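Coordinates from target.cif are shown below (mmCIF, C-alpha atoms).
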data_data
#
loop_
_atom_site.label_atom_id
_atom_site.label_comp_id
_atom_site.auth_asym_id
_atom_site.auth_seq_id
_atom_site.Cartn_x
_atom_site.Cartn_y
_atom_site.Cartn_z
CA MET I 1128 138.71 15.32 138.29
CA VAL I 1129 137.32 17.04 135.19
CA LEU I 1130 140.11 18.22 132.90
CA ARG I 1131 140.07 21.11 130.43
CA ILE I 1132 139.27 19.94 126.90
CA THR I 1133 141.63 21.31 124.26
CA LYS I 1134 140.04 23.17 121.36
CA TYR I 1135 140.76 23.25 117.64
CA GLY I 1136 143.83 25.39 117.03
CA GLU I 1137 145.79 24.14 120.05
CA PRO I 1138 148.99 22.50 118.77
CA VAL I 1139 148.66 19.32 120.89
CA LEU I 1140 145.67 18.23 118.76
CA ARG I 1141 148.04 17.85 115.80
CA GLU I 1142 150.67 15.87 117.72
CA LYS I 1143 151.15 12.15 117.22
CA GLY I 1144 150.90 10.46 120.61
CA GLN I 1145 153.87 8.70 122.17
CA PRO I 1146 153.41 4.97 122.86
CA ILE I 1147 152.75 4.12 126.50
CA GLU I 1148 155.56 2.00 127.90
CA LYS I 1149 154.50 1.52 131.52
CA MET I 1150 151.32 1.27 133.49
CA ASP I 1151 151.44 3.01 136.84
CA GLU I 1152 149.21 4.79 139.35
CA SER I 1153 149.59 8.16 137.63
CA LEU I 1154 148.36 6.65 134.35
CA HIS I 1155 145.37 5.07 136.11
CA ALA I 1156 144.56 8.40 137.76
CA PHE I 1157 144.79 10.13 134.37
CA ILE I 1158 142.43 7.55 132.82
CA ASP I 1159 139.94 8.15 135.67
CA ASP I 1160 140.17 11.90 135.01
CA MET I 1161 139.56 11.29 131.30
CA PHE I 1162 136.37 9.37 132.11
CA ASP I 1163 135.21 12.16 134.47
CA THR I 1164 135.90 14.68 131.68
CA MET I 1165 134.13 12.69 128.95
CA GLU I 1166 131.11 12.13 131.18
CA ALA I 1167 130.90 15.82 132.16
CA ALA I 1168 130.99 16.77 128.46
CA ASN I 1169 128.39 14.12 127.47
CA GLY I 1170 130.88 12.55 125.06
CA ILE I 1171 131.23 8.98 123.82
CA GLY I 1172 134.99 9.11 123.18
CA LEU I 1173 138.04 11.07 124.30
CA ALA I 1174 141.70 10.97 123.30
CA ALA I 1175 144.62 12.03 125.49
CA GLN I 1176 145.42 14.87 123.06
CA GLN I 1177 142.00 16.32 123.83
CA VAL I 1178 143.06 16.89 127.43
CA GLY I 1179 146.52 18.16 126.54
CA ARG I 1180 148.74 15.04 126.50
CA ALA I 1181 150.16 13.55 123.31
CA MET I 1182 150.09 9.85 124.11
CA GLN I 1183 148.57 6.70 122.59
CA LEU I 1184 145.53 6.51 124.86
CA CYS I 1185 141.83 6.93 124.23
CA ILE I 1186 138.60 5.95 125.93
CA VAL I 1187 135.21 5.05 124.43
CA ASP I 1188 131.76 4.42 125.84
CA VAL I 1189 128.84 3.93 123.43
CA SER I 1190 126.45 2.65 126.11
CA ASP I 1191 122.84 3.69 125.76
CA MET I 1192 123.24 4.77 122.13
CA ASP I 1193 120.25 2.77 120.87
CA ASP I 1194 119.57 5.22 118.04
CA ARG I 1195 123.03 4.49 116.55
CA PRO I 1196 123.69 0.77 117.07
CA SER I 1197 127.05 -0.95 117.39
CA ARG I 1198 128.22 -4.53 116.97
CA LEU I 1199 131.27 -6.26 118.45
CA TRP I 1200 132.90 -9.64 117.77
CA ILE I 1201 135.62 -11.48 119.68
CA ASP I 1202 137.20 -14.46 117.92
CA GLY I 1203 134.41 -14.29 115.33
CA LYS I 1204 131.65 -14.59 117.96
CA GLU I 1205 129.24 -11.68 118.35
CA CYS I 1206 129.15 -10.25 121.88
CA ASP I 1207 126.96 -7.80 123.78
CA VAL I 1208 128.53 -4.36 123.20
CA GLU I 1209 127.23 -3.00 126.53
CA ALA I 1210 129.14 -5.71 128.42
CA PHE I 1211 132.43 -4.28 127.13
CA MET I 1212 131.77 -0.61 127.88
CA PRO I 1213 133.56 1.52 128.80
CA LEU I 1214 136.73 0.79 126.82
CA VAL I 1215 140.27 1.95 127.49
CA LEU I 1216 142.53 1.59 124.43
CA ILE I 1217 146.28 1.96 124.91
CA ASN I 1218 148.64 1.87 121.90
CA PRO I 1219 145.76 0.85 119.60
CA THR I 1220 146.15 -0.30 116.01
CA LEU I 1221 143.29 -0.63 113.53
CA GLU I 1222 142.67 -2.73 110.47
CA LEU I 1223 139.76 -1.21 108.56
CA SER I 1224 137.39 -2.97 106.16
CA GLY I 1225 133.90 -2.82 104.72
CA GLU I 1226 132.20 -0.19 102.65
CA GLN I 1227 132.59 3.53 103.33
CA ILE I 1228 129.58 4.65 105.36
CA PRO I 1229 128.74 8.36 105.67
CA GLY I 1230 127.57 9.50 109.07
CA PRO I 1231 127.31 12.52 111.34
CA GLU I 1232 130.23 13.27 113.65
CA GLY I 1233 131.00 15.85 116.27
CA CYS I 1234 134.03 16.32 118.47
CA LEU I 1235 134.47 17.64 122.00
CA SER I 1236 137.36 19.78 120.69
CA PHE I 1237 134.93 21.39 118.19
CA PRO I 1238 131.99 22.37 120.42
CA GLU I 1239 128.65 22.49 118.61
CA ILE I 1240 130.23 21.78 115.19
CA TYR I 1241 129.00 18.71 113.32
CA GLY I 1242 129.59 17.29 109.87
CA GLU I 1243 129.24 14.20 107.68
CA VAL I 1244 132.29 11.94 107.56
CA SER I 1245 132.63 8.71 105.54
CA ARG I 1246 134.50 5.90 107.28
CA PRO I 1247 134.92 2.16 106.67
CA ASP I 1248 132.15 0.24 108.45
CA LYS I 1249 134.37 -2.28 110.25
CA ALA I 1250 137.46 -1.98 112.41
CA LYS I 1251 139.60 -4.77 113.80
CA VAL I 1252 141.15 -3.35 116.97
CA LYS I 1253 144.29 -4.46 118.80
CA ALA I 1254 145.28 -2.60 121.96
CA LEU I 1255 146.10 -2.86 125.63
CA ASP I 1256 143.31 -2.26 128.12
CA GLY I 1257 143.61 -0.05 131.21
CA TYR I 1258 145.52 -2.80 133.02
CA GLY I 1259 148.03 -3.51 130.27
CA LYS I 1260 146.26 -6.67 129.08
CA ALA I 1261 146.17 -7.29 125.31
CA ILE I 1262 142.70 -7.08 123.80
CA GLU I 1263 141.53 -7.77 120.27
CA PHE I 1264 138.06 -7.42 118.77
CA GLU I 1265 136.20 -6.41 115.63
CA CYS I 1266 133.41 -3.86 115.61
CA SER I 1267 131.01 -2.00 113.33
CA GLY I 1268 128.44 0.74 113.56
CA LEU I 1269 128.86 3.62 116.00
CA LEU I 1270 131.56 1.81 118.01
CA SER I 1271 133.74 1.43 114.91
CA ARG I 1272 133.18 5.07 113.92
CA CYS I 1273 133.96 6.32 117.43
CA ILE I 1274 137.16 4.26 117.74
CA GLN I 1275 138.34 5.40 114.29
CA HIS I 1276 137.67 9.03 115.31
CA GLU I 1277 139.63 8.67 118.58
CA VAL I 1278 142.55 6.78 117.02
CA ASP I 1279 142.77 9.55 114.43
CA HIS I 1280 143.29 11.96 117.34
CA LEU I 1281 146.16 9.79 118.58
CA ASN I 1282 147.83 10.33 115.20
CA GLY I 1283 147.22 14.08 115.03
CA LEU I 1284 144.27 13.79 112.62
CA LEU I 1285 140.93 15.52 113.14
CA PHE I 1286 137.46 14.66 111.87
CA ILE I 1287 137.48 17.73 109.61
CA ASP I 1288 140.46 16.15 107.78
CA ARG I 1289 138.17 13.25 106.81
CA MET I 1290 135.35 15.43 105.46
CA ASP I 1291 134.90 15.92 101.76
CA LYS I 1292 135.56 19.39 100.37
CA ALA I 1293 131.88 20.39 100.17
CA GLU I 1294 131.16 19.38 103.78
CA ARG I 1295 134.22 21.18 105.08
CA GLU I 1296 133.23 24.28 103.12
CA ARG I 1297 129.74 24.11 104.65
CA ILE I 1298 131.18 24.51 108.18
CA ARG I 1299 134.17 26.68 107.21
CA GLU I 1300 132.94 29.80 109.04
CA GLU I 1301 132.28 27.87 112.27
CA ILE I 1302 135.75 26.28 112.11
CA SER I 1303 137.39 29.66 111.40
CA GLY I 1304 135.55 31.26 114.32
CA LEU I 1305 136.66 28.49 116.68
CA ALA I 1306 140.27 28.74 115.46
CA GLU I 1307 140.22 32.51 116.09
CA ASP I 1308 138.74 32.06 119.60
CA THR I 1309 141.47 29.50 120.35
CA ARG I 1310 144.20 31.80 118.99
CA LEU I 1311 143.01 34.62 121.25
CA TRP I 1312 142.82 32.27 124.25
CA LEU I 1313 146.37 31.00 123.60
CA GLU I 1314 147.62 34.57 123.24
CA HIS I 1315 146.05 35.42 126.60
CA GLN I 1316 147.71 32.36 128.19
CA ALA I 1317 151.19 33.23 126.93
CA PRO I 1318 153.52 34.67 129.57
CA LYS I 1319 153.78 38.45 129.32
CA LYS I 1320 157.19 39.85 128.40
CA ALA I 1321 158.64 42.31 130.88
#

Starting from the coordinates I provided, produce the structure as structure tokens.
Amino acid sequence: MVLRITKYGEPVLREKGQPIEKMDESLHAFIDDMFDTMEAANGIGLAAQQVGRAMQLCIVDVSDMDDRPSRLWIDGKECDVEAFMPLVLINPTLELSGEQIPGPEGCLSFPEIYGEVSRPDKAKVKALDGYGKAIEFECSGLLSRCIQHEVDHLNGLLFIDRMDKAERERIREEISGLAEDTRLWLEHQAPKKA
């Protein structure tokens, strides 16, 4: 089932996600819905906050992104990235390293808004997969950037928070317009007082 994607200005996007304590059928159904939603929106990553739930869960799929390559290592051995897609990351932690690399980013919660964000090139990731099994790997390139972006969501951070002042100023009007649209939508959703 395709879920509604939350937009910039909705409070849940600024909430730190709660750790997931138990794996059950409802969680698996929610993960399936997240994949349906990400696919329908042509995204490569989606955090639970982006579909209205503040929890430590995100999904990533950088398959078929040949123009922006990724690398992945397990126990120091390089692996085929495609073989590990899609990824479910539950309660993820990151250890970042490498030089800061600028690159273009967008976000499903900021439709049609893009900007340059500098992020460390490498991420060492520890998480649980969709079945509660511990996974650990290191990655670079687009996969690292995407995971860092999604884990930021899990902590209430947005990609605009990572932009330098000049870049944020460049898209200020677009961000303000989106925030106003969201405010009006939220106002319309609020229960009417009798």

Specify as a list in words each residue included when the PyMOL selection byres ((chain I and resi 1202) around 12) is applied to this file. Leu1199, Trp1200, Ile1201, Gly1203, Lys1204, Glu1205, Cys1206, Lys1251, Val1252, Ile1262, Glu1263, Phe1264, Glu1265 and Cys1266 of chain I

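Relative to CA of Glu1148 (chain I), CA of Leu1235 (chain I) is found at 26.9 Å.
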
Tell me which of I:Glu1277, I:Glu1209, I:Asp1163, I:Glu1137 sits closest to Gly1233 (chain I), counting all atoms listed in the file.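 Comparing I:Glu1277, I:Glu1209, I:Asp1163, I:Glu1137 against Gly1233 (chain I), the winner is I:Glu1277.
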
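Comparing the minimum interatomic distances between Lys1253 (chain I) and each of I:Gly1136, I:Pro1219, I:Gly1283, I:Gly1172, counting only C-alpha atoms, we find that I:Pro1219 sits nearest.
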
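Nearest-residue note for Gly1268 (chain I): choosing from I:Leu1154, I:Leu1281, I:Ile1287, I:Val1208, the minimum distance belongs to I:Val1208, counting only C-alpha atoms.
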
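In terms of minimum interatomic distance to Asp1193 (chain I), I:Leu1270 ranks closest within I:Leu1305, I:Leu1284, I:Ala1175, I:Leu1270, counting only C-alpha atoms.
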
How many Å lie between CA of Ile1171 (chain I) and CA of Leu1216 (chain I), rounded to one decimal? 13.5 Å

Name all residues at most 7 Å from region 1256-1259 of chain I (count all atoms listed in the file; drop same-chain ones fewer than 6 positions away) and give them as a compact mmCIF listing (two decimals) with C-alpha atoms, in the frame of the given file.
# COMPACT_ATOMS: atom_id res chain seq x y z
CA MET I 1150 151.32 1.27 133.49
CA VAL I 1215 140.27 1.95 127.49
CA LEU I 1216 142.53 1.59 124.43
CA ILE I 1217 146.28 1.96 124.91

Name the residues that the PyMOL selection byres ((chain I and resi 1218) around 8) pulls out of this structure, and write them as a PyMOL selection string. chain I and resi 1146-1147+1183-1184+1216-1217+1219-1220+1254-1255
